[in-house]
Amino acid sequence: MATHTRRASVLLLAGVTAAAFALTGCGQAGSSGTEAPATASGAGCAPVAGDQLVVLDDDKHLQNTDNIVAVANAKRATPALLAAVDKVGAALDTPKLIALNKAVEVERKTSEVAAQEFAAQAGLTTGLSGGAGPVVVGAANFPESKTLAELYKIALNAAGFQATVQVAGNRELYEPALERGELTVFPEYAATLTEFLNQKQNGKEAAAKASGDVNATVAALKELATKAGLTVGTPSAAADQNAYAVTKAFADQHQVKTLSDFAAKCSGKATVLAGPPECPQRSFCQPGLEKTYGITFGSFQQADAGGPQSKTAVTTGKATLGMVFSSDGSLATN
């Protein structure tokens with residue numbers, strides 16, 4: 001699914017503080033693509049099939065904070081421009097972002113229509129002024145980014161700018177264009193951009209600067225952005241980051257709302273984790289769940305990076321817990 005190409009590439013980076021690991025042993029124990037960790041203990045919780053997925057709260061902040069944040073070319077980042085894009089960020093939270101993604105991915109509305117409907121409901125065109133001249137809003141090549149860019153365009157036009165949206169490919173292409181001023185402003189993700197700029201400026205082996213603390217992450221991002229000739233807006237409450245889900249039927253049966261709840265009730269041999277092939281070796285995934293929450297798993301179901309395979313493994317009762325993305329439009333019915 002193209003919706004989360006950004007996230008699929010970030011998965012190899014998120015929460016990782018060391019160089020790439022070799023993918024050894026993953027999915028080799030039989031045709032089912034599962035393997036049994038040696039650390040599993042206790043009874044655990046067997047999967048419970050169901051149509052709806054529920055994201056468990058990451059209450060100990062295992063994941064980096066990928067809150068939506070506007071990033072602009074510093075020479076073009078006027079107070080009027082920042083006020084307009086920050087108004088978009090302030091109007092959003094993760095449930096609203098999920099609903100926007102559902103409108104595009106499930107209901108098949110265009111990003112333009114979904115943005116127009118949200119803008120009218122949220123009053124994005126009121127109280128903005130001071131803008132003048134053309135601005136180019138960049139968008140990455142996946143629906144969520146395009147929808148956010150359309151929201152920026154609506155707010156910027158309301159402020160008096162002449163805004164257009166330009167789809168600009170991946171970060172390796174659009175970030176330099178933003179530095180050069182070919183793009184004026186871009187809807188970005190705090191932790192992901194922080195680590196992109198960190199590695200660009202300090203090398204691939206640079207110590208991570210992003211974390212589960214949004215304020216610390218954005219502070220680091222602002223310092224890196226200034227060196228790149230960029231200006232960072234105010235982070236939104238809306239975030240698109242790695243998350244872990246169970247079925248609603250499972251959550252109701254076991255009365256779990258957080259990953260800490262899950263750890264207390266469901267560590268053990270019957271518990272199956274679904275995720276991408278690199279999950280057993282990545283600190284944001286199985287090792288992080290074990291270290292941060294003390295969760296042990298009886299087996300690992302090799303699937304994909306937050307896509308249909310991981311979600312299907314959970315809904316069909318093959319996995320107890322699966323890795324998803326927090327703003328996935330399929331979560332909107334929960």
# chains A, B, ... in the order shown; residues from 1 in each chain; ligands from 1
>>> residues_around(residues="stretch 237-253 of chain A", least_positions_apart="5", cutoff="6 Å", atoms="only C-alpha atoms", output="list of chain:residue names")
A:Val48, A:Gly50, A:Gln52, A:Leu53, A:Val54, A:Val55, A:Leu56, A:Asp66, A:Asn67, A:Ile68, A:Leu92, A:Asp93, A:Thr94, A:Leu321, A:Gly322, A:Met323, A:Val324, A:Phe325, A:Ser326, A:Ser327
>>> residues_around(residues="stretch 155-164 of chain A", least_positions_apart="4", cutoff="10 Å", atoms="only C-alpha atoms", output="ChimeraX atom specification")
/A:80-88,119,123-138,149-151,184
>>> select_by_dssp(residues="stretch 52-94 of chain A", states="strand (DSSP E or B)", output="PyMOL selection string")
chain A and resi 53-57+67-73
>>> residues_around(residues="A:Pro235", least_positions_apart="4", cutoff="9 Å", atoms="only C-alpha atoms", output="number ranges by chain")
A: 67-70, 86, 89-90, 189-190, 214-215, 218
>>> atom_distance(atom1="atom CA of A:Ala207", atom2="atom CA of A:Gly233")
24.1 Å
